[in-house]
Structure formats: structure tokens, C-alpha cells
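Asker: Have a look at this one.
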Amino acid sequence: MVDNIVEIASILVLLLIASYVGTLVLGNLRLARAATGGVEAERKLLDVRVAGLVQQQLLERERVESKWNGFRKFEVWKKIEEGGGICSFYLRPHDKKKLPPFHPGQYLTFRLQLPNDKQATTIRCYSLSDSANQEFYRVSIKRNPPPRDAAKANLAASVSNFFHDQINFGAILDVKAPAGGFWLDLTHHTPIVLIGGGVGVTPVLSMLNAVAASHSTREVWFFYGVRNKAEHIMREHFAMMEREYPNFHINICYSEPTKDCVAGVDYQHAERVSVELFKKVLPSNNYHFYLCGPPPMMTSLYEDLTAWGVPEEAVHFEAFGPATIKKVAAQQAAPATTEAGAAISVTFATSGKVVPWDGKVASLLELAESNGVSIASGCRAGNCGTCVTAIKSGDVRYIREPGEKPEAGSCLTCISVPKVDLVLNA
Ligand SMILES: Cc1cc2nc3c(=O)[nH]c(=O)nc-3n(C[C@H](O)[C@H](O)[C@H](O)COP(=O)(O)OP(=O)(O)OC[C@H]3O[C@@H](n4cnc5c(N)ncnc54)[C@H](O)[C@@H]3O)c2cc1C
Ligand code: FES
């Protein structure tokens, strides 16, 4: 009873806030009426925005209230082959309790017990590929190809192959709550450009679907880069988005179209996604850009966007593997010396490597990887705990707040940098 009263009271407060915001927006719209067109159109736009604001506030409250700690059991409710080596998994909480909404662009962290490795669990992250939905979470996973170096091949250790081959309807999985800082704020209405390369389309697809579900009239440009039709997933879905949403501009780019690819039907551009293409297609550079794709694509897009005059804060990105974008290094790396001006060295004790810290890589994890030292990683964002490494001596600084603090005497290498000479157990 008391819960119901509190619930009704808080919805009333939200509606009051919404009507206040509505009054303010309506005032501004009226001032702009002469320039922007009829009152009726303004009123409709306002209705949509106010409804969207209320919806987002309710979702945010639900997101915070129903978030869980640690791992929760989910069951696979549906498994769909998307083509191009990508398979979508629809997940429902095993306890049948409420499914928290999430920010579009965030990912899930999975803890898996691979059949050949009964001793340890393996962590991997997969972006949510649909908008928040009361029924299910969806992830879309690409089957990893064999490594170029045949000596490194170990199919039994590949989680993506495990998902494709062994995770089916009814399988139970351990899943952490949605996390990650690469997400689209649905309370804003600024025009955006969403860019996905290959399987990197997943987080930006979630953003696209979320804008559609929120009934926002926000201007959205969507660029999806693949080699050809064989890799192009969810073709009908993207075609429907283009047809049904006048504010969406879907651009499919094939870098190597084959004979069976029909220009204007399957794809719009026979070229890679690039800033040269944006210059031809976009009305201006005045957008927020959200990109996720293979490292070379992200690096060149980031550099070319900033060279085109797009401010750094308007370029948002996520990497599925080691990020090479210079921005990360420039913004987050620690100075190459201690506060007292002394050079810093990092010793990877188990690997027997001593490496100078020159401040050019983003984290200790990247320093390890670029020097052939293997440290397991999952989210690469301080949330999953996979990269935790014991500190034998020295101290680190975190470049962002860890999702979960590691035990004293260890550090999350994906988000830390050395403060002084450091010896790591790696
Ligand atoms: C935030 C975030 C979001 C992500 N979102 C997505 C997403 O939406 N979709 C997606 O597909 N991925 C996504 N990823 C990438 C994903 O987490 C894994 O990195 C990816 O699936 C590869 O994992 P893997 O275990 O198959 O292979 P790896 O981690 O590359 O390899 C593990 C081991 O298996 C071996 N191996 C791998 N493949 C083979 C093979 N075919 N044959 C023989 N040996 C092999 C390797 O040599 C290695 O020893 C995301 C990553 C991050 C950090
Ligand atoms: S890789 Fe997930 S916390 Fe470092």
C-alpha cells in the first residue's frame, strides 16, 4: 500500500517536472515559431519530447533500482543465425525477475566455464545489440577466425566459438549487469552519426534501436561498413529503419561488393566508411560521432574527424580489443617520469621483461601487450576484474574509477598507469 502511494507520488512529481519542462520548451518554441513553421508541428514535437523525457526518467530509476551485483543466472531463450558468422543470443533472467533497462551502447560481461578448462573460468564482454526491453537482453557474437599464427591456435579457448557451437536454447549463463561508458544519452536531441564496422555494429545498432523506441525525432545518420552482402547482417531491419523513420539516414557501405550485391538495394556506397564519404553525404560536421569497429578503421576515422574540425569531445568510441586511438594515449597516459622527474620502469617479473614507461600507451595492460607480455583481459574498462595483477613493488594511479576495487596489493592493469618504478607479477 505504502509502496503504491510512493510510486504514484513519484510519477506525479515526474509529470509535474515534465509539464514544467514542457512549458519552458513551449515558450522557446513559440519565440522560434516564425522561423520554424506551424504551431501544430511544434506542439507535436513538444509532446514527443516531453513523453520521451518522462519515459527516460522512469527508465533511469528502474535501471538504478533493479541493477544487480556480481553474476546473475540468465538462460538462452532464443538463438538466431544472422549470417556473416554472427549469431544473436536472446537472454532472460533465470529467476524470471525484472530485467533492468540499460544505456544503449553498454555491454554484458559473461563468466564461462569452457569444457576443456575445468580449473578456471573465462571472462568475455559482449555489447547489447538491441534497445532496452522488458523481455530479453540480446548480444550478437561473431565467430572468431583462427589466429594467423597457427602455433597460437587453440579452438577450445575461444569463447566466441564456444557460444556458436555449444550454447543453445535453455543454456544457463553467468552474466554481470550492463556496464560501460560508451553510451548514448537519450535525453539529448543533438544530431548524431552512428558508425559500425563489421561486428562493431552491435553497440551502435543498440543506439539506433533505442532512438527508434523512444519515438525521438532526433536526426540520426547511420554508417555500417562491411565487405559485402555476405557480412551484412539484419538487412531487412536496416531497410525497415530507413523506410519507417524519416529522421534516420541509413548508409550501408560495401568495401568489396560481389556480383550478387545490388547497388541501391543492398548497399548505398561501394567504398569504406571514411571522412571523405561523410564530406559527400553529411550536411555538415556539426554532429556527435559514435564509432565502433576494427582498430585501423577507428584510428583513421578519429584522426580524420578531428582534422575535419570535429571537436574531440564530439567523438565517442569503443574498441573490442586493444585500442590504438591516439586520443586515449594523449588524454589518459601518465607522465613518463615520477613527480620528482625520475624515469619510470615497469618490470614484468614472470616474463622477465623490464620496460621503460614512456607515457605513450594508455595503460599497463597496453604496455604489457605491446611488449609481448600476456595479461588476460575482458572489458578493458575496469569493470570485469579479468586483468587484475599483483603488484610486487611500486604503486599505480587509476586513469578512471574502477567498477570494482581490486584487493590491496593488486591493480587492474587496463585502467592503471605507474606512479613510480613498478614490479608486476606478470
Ligand atoms: C566492451 C566489449 C564489447 C564487445 N562486444 C562484442 C560484440 O558485440 N560482438 C562480438 O562478437 N565481440 C565483441 N567483443 C569481443 C569479445 O569480447 C571477444 O574478444 C571475441 O569474441 C573474441 O573472443 P574469443 O575467446 O573467441 O577469442 P580470443 O580471445 O581472440 O582468443 C582466445 C584463444 O582462442 C584462440 N582462438 C580464437 N579463435 C580461434 C579459432 N577460430 N581457432 C583456433 N583458435 C582460436 C586464440 O588463439 C586464443 O588462444 C567485445 C569486446 C569488448 C571489450
Ligand atoms: S579487463 Fe576488465 S577490468 Fe581490466
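Chain labels follow the order of the C-alpha cells: the first chain is A, the next B, and so on; residue numbering restarts at 1 in every chain, and ligands are counted from 1 in their shown order.
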Skipping near chain neighbours, those fewer than 3 positions away, what residues fall within 10 Å of region 296-298 of chain A using only C-alpha atoms, listed as a PyMOL selection string?
Answerer: chain A and resi 195-197+225+272-274+291-293+301-304+317-319+323-325
Asker: With N, CA, C and O atoms retained, export the selected residues as a short mmCIF file (atom, residue, chain, number, x, y, z; two decimals), in the first residue's frame.
Answerer:
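Dumped everything to again_14.cif:
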```cif
data_model
loop_
_atom_site.label_atom_id
_atom_site.label_comp_id
_atom_site.auth_asym_id
_atom_site.auth_seq_id
_atom_site.Cartn_x
_atom_site.Cartn_y
_atom_site.Cartn_z
N ILE A 195 28.43 4.92 -36.27
CA ILE A 195 29.28 4.24 -37.25
C ILE A 195 29.69 2.88 -36.71
O ILE A 195 30.29 2.79 -35.64
N GLY A 196 29.37 1.83 -37.46
CA GLY A 196 29.76 0.48 -37.04
C GLY A 196 30.53 -0.20 -38.16
O GLY A 196 30.12 -0.18 -39.31
N GLY A 197 31.66 -0.82 -37.81
CA GLY A 197 32.44 -1.59 -38.79
C GLY A 197 32.38 -3.05 -38.41
O GLY A 197 32.72 -3.41 -37.27
N GLY A 225 29.77 -0.40 -42.16
CA GLY A 225 30.78 -0.83 -43.13
C GLY A 225 31.05 -2.32 -43.03
O GLY A 225 31.38 -2.83 -41.94
N ARG A 272 34.80 2.18 -48.40
CA ARG A 272 34.88 2.06 -46.94
C ARG A 272 34.22 3.27 -46.29
O ARG A 272 34.12 4.33 -46.90
N VAL A 273 33.84 3.11 -45.02
CA VAL A 273 33.35 4.27 -44.26
C VAL A 273 34.55 5.18 -44.01
O VAL A 273 35.58 4.73 -43.51
N SER A 274 34.43 6.43 -44.40
CA SER A 274 35.56 7.35 -44.23
C SER A 274 35.05 8.78 -44.09
O SER A 274 33.88 9.05 -44.41
N LEU A 291 31.56 5.74 -32.68
CA LEU A 291 32.13 4.74 -33.57
C LEU A 291 32.64 3.51 -32.86
O LEU A 291 33.16 3.59 -31.74
N CYS A 292 32.44 2.37 -33.53
CA CYS A 292 32.96 1.11 -33.02
C CYS A 292 33.27 0.22 -34.22
O CYS A 292 32.42 0.02 -35.09
N GLY A 293 34.49 -0.26 -34.28
CA GLY A 293 34.89 -1.09 -35.42
C GLY A 293 36.30 -1.58 -35.24
O GLY A 293 36.87 -1.44 -34.15
N LEU A 301 39.40 7.04 -38.69
CA LEU A 301 38.23 7.91 -38.56
C LEU A 301 38.47 8.98 -37.49
O LEU A 301 38.15 10.15 -37.68
N TYR A 302 39.04 8.55 -36.38
CA TYR A 302 39.26 9.51 -35.30
C TYR A 302 40.18 10.65 -35.76
O TYR A 302 39.87 11.83 -35.59
N GLU A 303 41.28 10.26 -36.40
CA GLU A 303 42.24 11.28 -36.84
C GLU A 303 41.62 12.20 -37.90
O GLU A 303 41.77 13.42 -37.84
N ASP A 304 40.90 11.59 -38.85
CA ASP A 304 40.34 12.40 -39.94
C ASP A 304 39.18 13.27 -39.45
O ASP A 304 38.97 14.37 -39.96
N PHE A 317 33.96 6.61 -28.78
CA PHE A 317 34.30 5.33 -29.42
C PHE A 317 34.46 4.22 -28.42
O PHE A 317 34.66 4.44 -27.23
N GLU A 318 34.36 3.00 -28.95
CA GLU A 318 34.59 1.80 -28.14
C GLU A 318 35.41 0.83 -28.97
O GLU A 318 35.14 0.65 -30.17
N ALA A 319 36.41 0.21 -28.33
CA ALA A 319 37.19 -0.81 -29.03
C ALA A 319 36.86 -2.16 -28.43
O ALA A 319 36.70 -2.28 -27.23
N ALA A 323 42.87 -0.82 -27.96
CA ALA A 323 42.54 0.43 -28.66
C ALA A 323 43.82 1.11 -29.09
O ALA A 323 44.76 1.20 -28.33
N THR A 324 43.83 1.59 -30.32
CA THR A 324 45.06 2.23 -30.79
C THR A 324 44.84 3.73 -31.00
O THR A 324 45.73 4.42 -31.45
N ILE A 325 43.66 4.17 -30.65
CA ILE A 325 43.36 5.57 -30.94
C ILE A 325 44.24 6.48 -30.07
O ILE A 325 44.32 6.32 -28.86
#
```
Asker: I want to know what sits within 6 Å of region 251-263 of chain A, based on only C-alpha atoms, with residues of the same chain fewer than 6 positions away left out; could you give that as a list in words?
Answerer: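 What passes the distance filter is Phe222, Phe223, Tyr224, Gly225, Val226, Arg227, Asn228, His269, Ala270, Glu271 and Arg272 of chain A.
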Asker: Go ahead and save the residues from that selection, with C-alpha atoms, as a compact mmCIF listing (two decimals), in the first residue's frame.
Answerer:
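Output (selection35.txt):
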```txt
# COMPACT_ATOMS: atom_id res chain seq x y z
CA PHE A 222 23.96 5.53 -39.59
CA PHE A 223 27.00 4.15 -41.42
CA TYR A 224 27.59 0.41 -41.47
CA GLY A 225 30.78 -0.83 -43.13
CA VAL A 226 31.25 -4.44 -44.22
CA ARG A 227 32.99 -6.16 -47.11
CA ASN A 228 29.82 -7.25 -48.93
CA HIS A 269 28.25 3.15 -51.16
CA ALA A 270 30.89 0.94 -52.78
CA GLU A 271 33.65 2.20 -50.51
CA ARG A 272 34.88 2.06 -46.94
```
Asker: Go through region 200-424 of chain A and collect every residue that DSSP, computed from the backbone, puts in helix (DSSP H, G or I); the answer should be as a compact mmCIF listing (two decimals) with C-alpha atoms, in the first residue's frame.
Answerer:
```
# COMPACT_ATOMS: atom_id res chain seq x y z
CA GLY A 200 31.43 -3.40 -34.18
CA VAL A 201 27.95 -2.51 -35.39
CA THR A 202 26.44 -4.06 -32.23
CA PRO A 203 26.61 -1.10 -29.78
CA VAL A 204 25.61 1.47 -32.40
CA LEU A 205 22.73 -0.76 -33.52
CA SER A 206 21.52 -0.70 -29.92
CA MET A 207 21.71 3.11 -30.03
CA LEU A 208 19.77 3.25 -33.31
CA ASN A 209 17.06 0.92 -31.99
CA ALA A 210 16.86 2.90 -28.75
CA VAL A 211 16.32 6.20 -30.58
CA ALA A 212 13.57 4.50 -32.59
CA ALA A 213 11.96 3.02 -29.46
CA LYS A 229 26.38 -8.83 -48.64
CA ALA A 230 27.78 -11.99 -47.04
CA GLU A 231 28.81 -9.96 -43.95
CA ARG A 235 19.48 -6.29 -43.84
CA GLU A 236 15.70 -6.19 -43.56
CA HIS A 237 15.87 -4.45 -40.18
CA PHE A 238 18.04 -1.62 -41.53
CA ALA A 239 15.83 -1.29 -44.63
CA MET A 240 12.78 -1.01 -42.33
CA MET A 241 14.52 1.67 -40.24
CA GLU A 242 15.18 3.71 -43.39
CA ARG A 243 11.57 3.27 -44.57
CA GLU A 244 9.77 3.92 -41.29
CA VAL A 275 35.52 11.06 -43.54
CA GLU A 276 35.74 11.63 -47.30
CA LEU A 277 32.38 9.87 -47.54
CA PHE A 278 30.96 11.95 -44.66
CA LYS A 279 32.01 15.11 -46.50
CA LYS A 280 29.96 13.97 -49.51
CA VAL A 281 26.92 12.78 -47.57
CA PRO A 295 41.23 -0.67 -34.80
CA PRO A 296 42.54 0.62 -38.20
CA MET A 297 39.08 1.99 -39.09
CA MET A 298 38.70 3.66 -35.69
CA THR A 299 42.16 5.20 -35.78
CA SER A 300 41.76 6.67 -39.24
CA LEU A 301 38.23 7.91 -38.56
CA TYR A 302 39.26 9.51 -35.30
CA GLU A 303 42.24 11.28 -36.84
CA ASP A 304 40.34 12.40 -39.94
CA LEU A 305 37.31 13.59 -37.95
CA THR A 306 39.44 15.78 -35.72
CA ALA A 307 41.35 17.04 -38.78
CA GLU A 312 37.46 15.67 -29.61
CA GLU A 313 34.57 15.71 -27.14
CA ALA A 314 32.16 15.06 -30.02
CA LYS A 326 45.84 8.26 -30.07
CA LYS A 327 43.22 10.18 -28.12
CA VAL A 328 43.32 7.57 -25.39
CA ALA A 329 47.04 7.87 -25.06
CA ALA A 330 47.03 11.63 -25.19
CA GLN A 331 44.31 12.05 -22.59
CA GLN A 332 44.93 9.24 -20.23
CA LEU A 364 49.83 -1.03 -18.08
CA LEU A 365 47.79 -3.63 -19.99
CA GLU A 366 48.71 -1.98 -23.30
CA LEU A 367 52.35 -1.71 -22.21
CA ALA A 368 52.32 -5.45 -21.48
CA GLU A 369 50.63 -6.32 -24.79
CA SER A 370 52.97 -4.14 -26.85
CA THR A 413 46.11 -3.11 -15.45
CA CYS A 414 43.60 -1.98 -18.13
CA ILE A 415 42.95 1.31 -16.33
```
Asker: For ligand 2, list the contacting residues at 10 Å or closer, counting only C-alpha atoms and all ligand atoms, as a ChimeraX atom specification.
Answerer: /A:109,123-125,365,375-389,402-406,411-416
Asker: Could you give me, as an MDAnalysis selection string, the residues within 6 Å of region 131-138 of chain A, counting only C-alpha atoms and dropping anything in the same chain fewer than 4 positions from it?
Answerer: chainID A and resid 89:92 99 101:102 206 209:210
Asker: Using only C-alpha atoms, which residue out of A:Val220, A:Ala390, A:Ile86, A:Val420 lies closest to Ala336 (chain A)?
Answerer: A:Val420
Asker: Go through A:Thr122, A:Ser363, A:Asn69, A:Gln57 one by one, measure the shortest atom-to-atom distance of each to ligand 1 using only C-alpha atoms and all ligand atoms, and give the residue with the smallest value.
Answerer: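 Residue with the minimum atom-to-atom distance to ligand 1: A:Thr122.
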Asker: Within 9 Å of Trp357 (chain A), counting only C-alpha atoms, which residues qualify if same-chain residues fewer than 4 places away don't, as a list in words?
Answerer: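 The residues satisfying every condition are Ala334, Pro335, Ala336, Thr337, Ala343, Ile344, Ser345, Val346, Val361, Leu364, Leu367, Val417, Pro418 and Asp421 of chain A.
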Asker: Which residues are close to Cys87 (chain A), i.e. within 8 Å by only C-alpha atoms, leaving aside same-chain residues fewer than 3 positions away? Reply as JSON, numbers by chain.
Answerer: {"A": [79, 80, 81, 82, 83, 140, 141, 142, 143, 164]}
Asker: Mind pulling up the distance from CA of Trp221 (chain A) to CA of Gln56 (chain A)?
Answerer: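 Separation of CA of Gln56 (chain A) and CA of Trp221 (chain A): 21.9 Å.
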Asker: I need the residue nearest ligand 1 from this list: A:Pro93, A:Gly105, A:Gly321, A:Pro356. Use only C-alpha atoms and all ligand atoms for the distance.
Answerer: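 Of A:Pro93, A:Gly105, A:Gly321, A:Pro356, the one nearest ligand 1 is A:Gly321, counting only C-alpha atoms and all ligand atoms.
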Asker: Pick out each residue of region 64-124 of chain A that DSSP on the backbone tags as strand (DSSP E or B); I need them as a CSV table (one decimal) with N, CA, C and O atoms, in the first residue's frame.
Answerer:
```
chain,number,residue,atom,x,y,z
A,71,PHE,N,27.5,-11.8,-10.4
A,71,PHE,CA,26.9,-12.5,-11.6
A,71,PHE,C,25.5,-13.0,-11.3
A,71,PHE,O,25.2,-13.4,-10.2
A,72,ARG,N,24.7,-13.0,-12.3
A,72,ARG,CA,23.3,-13.5,-12.2
A,72,ARG,C,23.1,-14.5,-13.3
A,72,ARG,O,23.6,-14.4,-14.4
A,73,LYS,N,22.2,-15.5,-13.0
A,73,LYS,CA,22.0,-16.5,-14.0
A,73,LYS,C,21.0,-16.1,-15.0
A,73,LYS,O,19.9,-15.5,-14.7
A,74,PHE,N,21.3,-16.3,-16.3
A,74,PHE,CA,20.4,-16.0,-17.4
A,74,PHE,C,20.3,-17.2,-18.2
A,74,PHE,O,21.2,-18.1,-18.3
A,75,GLU,N,19.2,-17.4,-18.9
A,75,GLU,CA,19.0,-18.5,-19.8
A,75,GLU,C,18.8,-18.1,-21.2
A,75,GLU,O,18.3,-17.0,-21.5
A,76,VAL,N,19.3,-18.9,-22.1
A,76,VAL,CA,19.2,-18.6,-23.5
A,76,VAL,C,17.8,-18.9,-24.0
A,76,VAL,O,17.3,-20.0,-23.9
A,77,TRP,N,17.1,-17.9,-24.4
A,77,TRP,CA,15.7,-18.0,-24.8
A,77,TRP,C,15.5,-18.2,-26.3
A,77,TRP,O,14.6,-18.8,-26.8
A,78,LYS,N,16.5,-17.6,-27.0
A,78,LYS,CA,16.5,-17.7,-28.5
A,78,LYS,C,17.9,-17.6,-29.0
A,78,LYS,O,18.7,-16.8,-28.5
A,79,LYS,N,18.2,-18.4,-30.1
A,79,LYS,CA,19.5,-18.2,-30.8
A,79,LYS,C,19.2,-18.1,-32.3
A,79,LYS,O,18.6,-18.9,-32.9
A,80,ILE,N,19.7,-17.0,-32.8
A,80,ILE,CA,19.4,-16.7,-34.2
A,80,ILE,C,20.7,-16.5,-35.0
A,80,ILE,O,21.5,-15.7,-34.7
A,81,GLU,N,20.8,-17.3,-36.1
A,81,GLU,CA,21.9,-17.1,-37.0
A,81,GLU,C,21.7,-15.9,-37.8
A,81,GLU,O,20.6,-15.8,-38.5
A,82,GLU,N,22.6,-14.9,-37.8
A,82,GLU,CA,22.4,-13.7,-38.5
A,82,GLU,C,23.1,-13.7,-39.9
A,82,GLU,O,22.9,-12.7,-40.7
A,83,GLY,N,23.9,-14.7,-40.1
A,83,GLY,CA,24.8,-14.7,-41.3
A,83,GLY,C,26.1,-14.0,-41.0
A,83,GLY,O,26.2,-13.4,-39.9
A,86,ILE,N,27.9,-14.4,-37.6
A,86,ILE,CA,27.4,-13.7,-36.4
A,86,ILE,C,26.1,-14.4,-36.0
A,86,ILE,O,25.2,-14.7,-36.8
A,87,CYS,N,26.0,-14.6,-34.7
A,87,CYS,CA,24.9,-15.3,-34.1
A,87,CYS,C,24.3,-14.4,-33.0
A,87,CYS,O,25.1,-13.9,-32.1
A,88,SER,N,23.0,-14.3,-32.9
A,88,SER,CA,22.4,-13.5,-31.8
A,88,SER,C,21.9,-14.4,-30.7
A,88,SER,O,21.2,-15.4,-31.1
A,89,PHE,N,22.1,-14.0,-29.5
A,89,PHE,CA,21.6,-14.8,-28.3
A,89,PHE,C,20.7,-13.9,-27.5
A,89,PHE,O,21.1,-12.8,-27.2
A,90,TYR,N,19.4,-14.4,-27.3
A,90,TYR,CA,18.5,-13.6,-26.6
A,90,TYR,C,18.4,-14.2,-25.2
A,90,TYR,O,18.3,-15.5,-25.0
A,91,LEU,N,18.6,-13.4,-24.1
A,91,LEU,CA,18.8,-13.9,-22.8
A,91,LEU,C,17.7,-13.4,-21.9
A,91,LEU,O,17.3,-12.2,-21.9
A,92,ARG,N,17.2,-14.3,-21.0
A,92,ARG,CA,16.2,-13.9,-20.0
A,92,ARG,C,16.7,-14.3,-18.6
A,92,ARG,O,17.3,-15.4,-18.5
A,93,PRO,N,16.4,-13.5,-17.6
A,93,PRO,CA,16.9,-13.8,-16.2
A,93,PRO,C,16.3,-15.2,-15.8
A,93,PRO,O,15.1,-15.4,-16.0
A,107,TYR,N,27.6,-3.0,-22.5
A,107,TYR,CA,27.9,-4.4,-22.8
A,107,TYR,C,27.6,-5.2,-21.5
A,107,TYR,O,27.5,-4.7,-20.4
A,108,LEU,N,27.5,-6.6,-21.8
A,108,LEU,CA,27.3,-7.5,-20.7
A,108,LEU,C,28.7,-8.2,-20.5
A,108,LEU,O,29.4,-8.5,-21.5
A,109,THR,N,29.0,-8.6,-19.3
A,109,THR,CA,30.2,-9.4,-19.0
A,109,THR,C,29.8,-10.8,-18.7
A,109,THR,O,28.9,-11.0,-17.8
A,110,PHE,N,30.3,-11.8,-19.4
A,110,PHE,CA,30.0,-13.2,-19.1
A,110,PHE,C,31.1,-13.9,-18.5
A,110,PHE,O,32.3,-13.7,-18.8
A,111,ARG,N,30.8,-14.8,-17.5
A,111,ARG,CA,31.8,-15.7,-16.9
A,111,ARG,C,31.5,-17.1,-17.4
A,111,ARG,O,30.4,-17.6,-17.2
A,112,LEU,N,32.5,-17.7,-18.1
A,112,LEU,CA,32.2,-19.0,-18.7
A,112,LEU,C,33.1,-20.1,-18.2
A,112,LEU,O,34.3,-19.8,-17.9
A,122,THR,N,36.5,-18.2,-17.6
A,122,THR,CA,37.0,-17.2,-18.6
A,122,THR,C,35.9,-16.1,-18.7
A,122,THR,O,34.7,-16.3,-18.7
A,123,ILE,N,36.4,-14.9,-18.8
A,123,ILE,CA,35.5,-13.7,-18.9
A,123,ILE,C,35.6,-13.1,-20.3
A,123,ILE,O,36.6,-13.0,-20.9
A,124,ARG,N,34.4,-12.8,-20.8
A,124,ARG,CA,34.4,-12.0,-22.1
A,124,ARG,C,33.2,-11.0,-22.0
A,124,ARG,O,32.2,-11.3,-21.3
```
Asker: Could you check which of A:Thr121, A:Asn161, A:Ser374, A:Ser214 is closest to Leu186 (chain A), using only C-alpha atoms?
Answerer: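 Result for the nearest residue to Leu186 (chain A): A:Ser214.
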